[in-house]
Amino acid sequence: MTHLFSEEEWTDYIDGRIDDETRDRIEAHIIGCLSCWEFYERMATATRALTACGAGLRAAFALQDRRLNAGLRAVFAKINEAEGVKRERPLRAIQQRLDALAEVMAPMCGSQTAIKALRAAAQVSPARSLESVTEDNWTSFLSSLKPIAAVMCGETGARLVWESGQF
Amino acid sequence: MISARITTKVVWFGLALNLCAYLAAHLPWWAGLTPRLWVTESAIKTGFLCLAYGLALSLNLEIAAEYRQARWLRLAWVALAGNAGVSIVRMVVESSLFNLIWPGYTRDPLWGLLQHLAIVPANAFLLFGLLAMWWAYHEVGLGFAIEKRDYAAIAGILGLLIALMVFREGLSEARSPYAVSRWLQLLGLTLLSLSAAASLATHRVAMQMGGGKLAVALRFLTLYTLLRGGLVLLQASQRVTLTEGQQTSGSYSVFMNLCWQAVPWVAALAAAYRAEMTIHAARELEQQRAAKAVLASA
C-alpha cells in the first residue's frame with residue numbers, strides 16, 4: 001500500500017531524508033488515508049526495531065567483526081523472505097551461506113581446505129555437487145560437512161561450522 | 001582450559017627466556033670473566049626443557065580430547081603427548097645435575113643407556129603420531145597427496161640414515177660396553193629418520209591447506225622433527241670430522257646447546273598453535289550465539 005508515493009519516497013520519509021515538498025504531500029495524504037497511515041505505522045515500527053537491533057549488535061561487537069556482518073546479512077535475508085521477494089534470492093542466499101561457511105573455516109584449516117571440504121560434503125550429500133546444494137538439501141549437506149569439519153577443525157570448530165550453517 | 005592460558009605468546013616468551021638465561025649463565029665464562037657455572041647451566045637446561053615438554057604434554061592431551069569422533073587424530077595427539085611425556089623423563093635422566101650426587105654420571109656408559117631407553121619410546125611415539133595424523137588427513141578425502149619431490153626428500157633422509165648406519169663409529173654409543181645401548185641408539189635413529197620422513201608428508205598437507213592455524217601447527221611439528229634429526233646428524237658427522245677439543249669449543253658448543261634447547265619449545269609451539277585454533281573456534285561460537293540471542297530478543 002503506497003498510493004501516490006513510491007517505496008523509495010516512503011523509506012526516505014521514514015528515515016527523515018526527504019525534501020520538504022514531498023514530505024508535505026505525504027503528511028497531507030496520511031492525515032486523510034487510514035491504510036497509508038497504518039502502512040506508515042508498520043514501516044516506522046520495523047525501522048525502530050531494526051535500529052534498536054543494530055545498536056544492540058554494535059554494543060556487543062566491534063564494528064569490524066565479520067560475525068556482525070553475517071548477522072545483519074541474515075536479518076536482511078529474513079526480511080526479504082517475509083516480504084515474499086523470491087525470484088533469484090534462494091540461489092544467492094545459498095551462495096552467501098556457502099561463502100559464510102568457507103569464511104568460518106578458513107582461519108582454522110585454510111582457505112583451500114575450506115573449499116575442498118564444502119565440495120567433499122556436497123558430493124556425499126544428496127546434492128551430489130556444490131552447485132546443486134539448495135534450501136531443501138541444505139540440512140543433509142550440513143550434516144555431511146560436520147564430520148569433515150571435525151577432522152580438519154576439531155570438534156569445537158565443527159560445532160561452529162554447524163551453527164554457522166543454521167539460519 | 002589450559003590452552004587459554006598457555007598461548008603461543010607465552011611459549012615464545014618461554015623460549016626467549018630459556019635462551020637468554022642460558023646465555024647469561026654461559027657467556028661470562030666464555031668471555032673469561034667467571035669460572036664455568038656448571039650447576040646453574042644444568043639447572044637452567046633441565047628446568048626449562050622439562051617445562052617446555054610439560055607445556056607440550058598438557059596442550060597435546062587437551063587437543064586429543066578435542067577429537068572424540070576422529071579416532072586417528074585423537075591417537076595422533078595422544079602419541080605426541082606420549083612423546084612429550086617420555087621426553088621429560090629423558091631430560092631428567094640426561095641431566096648433568098646428577099653429577100652432584102653421582103660424580104662422573106654423564107661420562108658413565110649407564111648414562112647413555114638410560115638416555116636411549118627414553119629416546120626410543122619417545123621417537124616411536126613421535127613416528128606413530130605423525131603417521132596417524134597424516135593418515136587421518138588423507139582418509140578424510142580432501143585430496144591431500146604427497147608429491148614427487150617429497151618422495152625424493154624422503155629418499156634423501158633414508159639415504160642419510162643408511163650412511164649413519166654405515167659410519168656408526170661416529171655415534172655416541174658406538175663404544176658403549178652395553179650392546180643394548182648400541183642397538184637402542186640405532187633403533188632410535190631409525191625411528192627419528194622415519195619420523196622426519198613422515199613429517200615431510202604432514203608438511204605437504206600443510207602446504208596444500210592454503211593457510212590457517214592448523215597449517216602453522218603442522219609446520220612447527222615438521223620443524224620439531226627435522227630440527228631433532230638435523231642436530232643428531234650434525235653431531236654424528238662432527239664426531240667423525242672434529243676432534244673432541246673442537247667439539248667442546250665455545251662457538252660450536254654454544255650453537256648446539258642453543259639449538260637443542262630450542263627443540264622442546266618448537267614442540268610446545270606446534271601444540272600451542274593447534275590449541276589456538278580451538279580457542280578461536282570457541283570464541284567465534286560464543287560471539288555467534290550472543291548475536292543470535294540478540295536477534296531473537298529483538
# chains A, B, ... in the order shown; residues from 1 in each chain; ligands from 1

call {"tool": "interface_residues", "arguments": {"of": "chain A", "to": "chain B", "cutoff": "6 Å", "atoms": "only C-alpha atoms", "output": "list in words"}}
result
Cys53, Pro107, Met108, Cys109, Gly110, Ser111, Gln112, Thr113, Lys116, Val151, Gly154, Glu155, Thr156, Gly157 and Leu160 of chain A

call {"tool": "select_by_dssp", "arguments": {"residues": "stretch 49-156 of chain A", "states": "helix (DSSP H, G or I)", "output": "VMD selection string"}}
result
chain A and resid 49 to 60 66 to 82 89 to 109 111 to 124 130 to 132 138 to 156

call {"tool": "residues_around", "arguments": {"residues": "A:Ser140", "least_positions_apart": "3", "cutoff": "10 Å", "atoms": "only C-alpha atoms", "output": "PDB file with N, CA and C atoms, in the first residue's frame"}}
result
ATOM      1  N   ALA A 121      31.744 -32.457   1.081  1.00  0.00           N
ATOM      2  CA  ALA A 121      30.474 -32.632   1.806  1.00  0.00           C
ATOM      3  C   ALA A 121      29.308 -32.678   0.829  1.00  0.00           C
ATOM      4  N   ALA A 122      29.362 -31.817  -0.180  1.00  0.00           N
ATOM      5  CA  ALA A 122      28.276 -31.800  -1.171  1.00  0.00           C
ATOM      6  C   ALA A 122      28.224 -33.119  -1.935  1.00  0.00           C
ATOM      7  N   VAL A 124      29.044 -36.132  -0.955  1.00  0.00           N
ATOM      8  CA  VAL A 124      28.489 -37.271  -0.196  1.00  0.00           C
ATOM      9  C   VAL A 124      27.062 -36.990   0.295  1.00  0.00           C
ATOM     10  N   SER A 125      26.585 -35.774   0.072  1.00  0.00           N
ATOM     11  CA  SER A 125      25.200 -35.450   0.478  1.00  0.00           C
ATOM     12  C   SER A 125      24.264 -35.709  -0.712  1.00  0.00           C
ATOM     13  N   PRO A 126      22.947 -35.677  -0.500  1.00  0.00           N
ATOM     14  CA  PRO A 126      22.018 -35.888  -1.624  1.00  0.00           C
ATOM     15  C   PRO A 126      22.204 -34.881  -2.765  1.00  0.00           C
ATOM     16  N   ALA A 127      22.821 -33.729  -2.483  1.00  0.00           N
ATOM     17  CA  ALA A 127      23.012 -32.719  -3.536  1.00  0.00           C
ATOM     18  C   ALA A 127      23.966 -33.208  -4.619  1.00  0.00           C
ATOM     19  N   VAL A 133      23.462 -27.724  -4.296  1.00  0.00           N
ATOM     20  CA  VAL A 133      23.009 -27.545  -2.910  1.00  0.00           C
ATOM     21  C   VAL A 133      21.894 -26.487  -2.909  1.00  0.00           C
ATOM     22  N   ASP A 136      16.392 -27.080   0.118  1.00  0.00           N
ATOM     23  CA  ASP A 136      15.793 -28.365   0.506  1.00  0.00           C
ATOM     24  C   ASP A 136      16.824 -29.365   1.022  1.00  0.00           C
ATOM     25  N   ASN A 137      18.022 -29.407   0.388  1.00  0.00           N
ATOM     26  CA  ASN A 137      19.017 -30.399   0.838  1.00  0.00           C
ATOM     27  C   ASN A 137      20.118 -29.770   1.703  1.00  0.00           C
ATOM     28  N   SER A 143      25.008 -31.757   7.469  1.00  0.00           N
ATOM     29  CA  SER A 143      25.317 -32.966   8.252  1.00  0.00           C
ATOM     30  C   SER A 143      26.542 -33.681   7.676  1.00  0.00           C
ATOM     31  N   SER A 144      26.704 -33.642   6.355  1.00  0.00           N
ATOM     32  CA  SER A 144      27.875 -34.271   5.734  1.00  0.00           C
ATOM     33  C   SER A 144      29.142 -33.457   6.006  1.00  0.00           C
ATOM     34  N   LEU A 145      28.961 -32.150   6.137  1.00  0.00           N
ATOM     35  CA  LEU A 145      30.132 -31.286   6.350  1.00  0.00           C
ATOM     36  C   LEU A 145      30.676 -31.430   7.774  1.00  0.00           C
TER      37      LEU A 145
END

call {"tool": "atom_distance", "arguments": {"atom1": "atom CA of B:Thr202", "atom2": "atom CA of B:Leu218"}}
result
6.4 Å

call {"tool": "residues_around", "arguments": {"residues": "B:Ala196", "least_positions_apart": "5", "cutoff": "8 Å", "atoms": "only C-alpha atoms", "output": "PyMOL selection string"}}
result
chain B and resi 157+222+225-226+229

call {"tool": "closest_residue", "arguments": {"among": "B:Leu223, B:Leu61, B:Ala152, B:Cys50", "to": "B:Ser3", "atoms": "only C-alpha atoms"}}
result
B:Leu61

call {"tool": "closest_residue", "arguments": {"among": "A:Thr11, A:Gly71, A:Ile148, A:Gly16", "to": "A:Arg42", "atoms": "only C-alpha atoms"}}
result
A:Thr11

call {"tool": "residues_around", "arguments": {"residues": "B:Tyr151", "least_positions_apart": "6", "cutoff": "12 Å", "atoms": "only C-alpha atoms", "output": "PyMOL selection string"}}
result
chain B and resi 145+157-158+197-198+200-201+204

call {"tool": "write_last_selection", "arguments": {"atoms": "C-alpha atoms", "output": "mmCIF file, in the first residue's frame"}}
result
data_model
loop_
_atom_site.group_PDB
_atom_site.id
_atom_site.type_symbol
_atom_site.label_atom_id
_atom_site.label_comp_id
_atom_site.auth_asym_id
_atom_site.auth_seq_id
_atom_site.Cartn_x
_atom_site.Cartn_y
_atom_site.Cartn_z
ATOM 1 C CA ALA B 145 48.634 -36.071 -1.503
ATOM 2 C CA ILE B 157 66.548 -38.871 4.547
ATOM 3 C CA LEU B 158 66.639 -42.643 4.269
ATOM 4 C CA ALA B 197 60.190 -38.664 6.512
ATOM 5 C CA ALA B 198 56.618 -38.731 7.908
ATOM 6 C CA LEU B 200 57.523 -34.197 5.256
ATOM 7 C CA ALA B 201 54.147 -35.754 4.429
ATOM 8 C CA ARG B 204 52.868 -31.288 2.349
#

call {"tool": "residues_around", "arguments": {"residues": "A:Phe5", "least_positions_apart": "6", "cutoff": "10 Å", "atoms": "only C-alpha atoms", "output": "PyMOL selection string"}}
result
chain A and resi 22+25-26+29+36
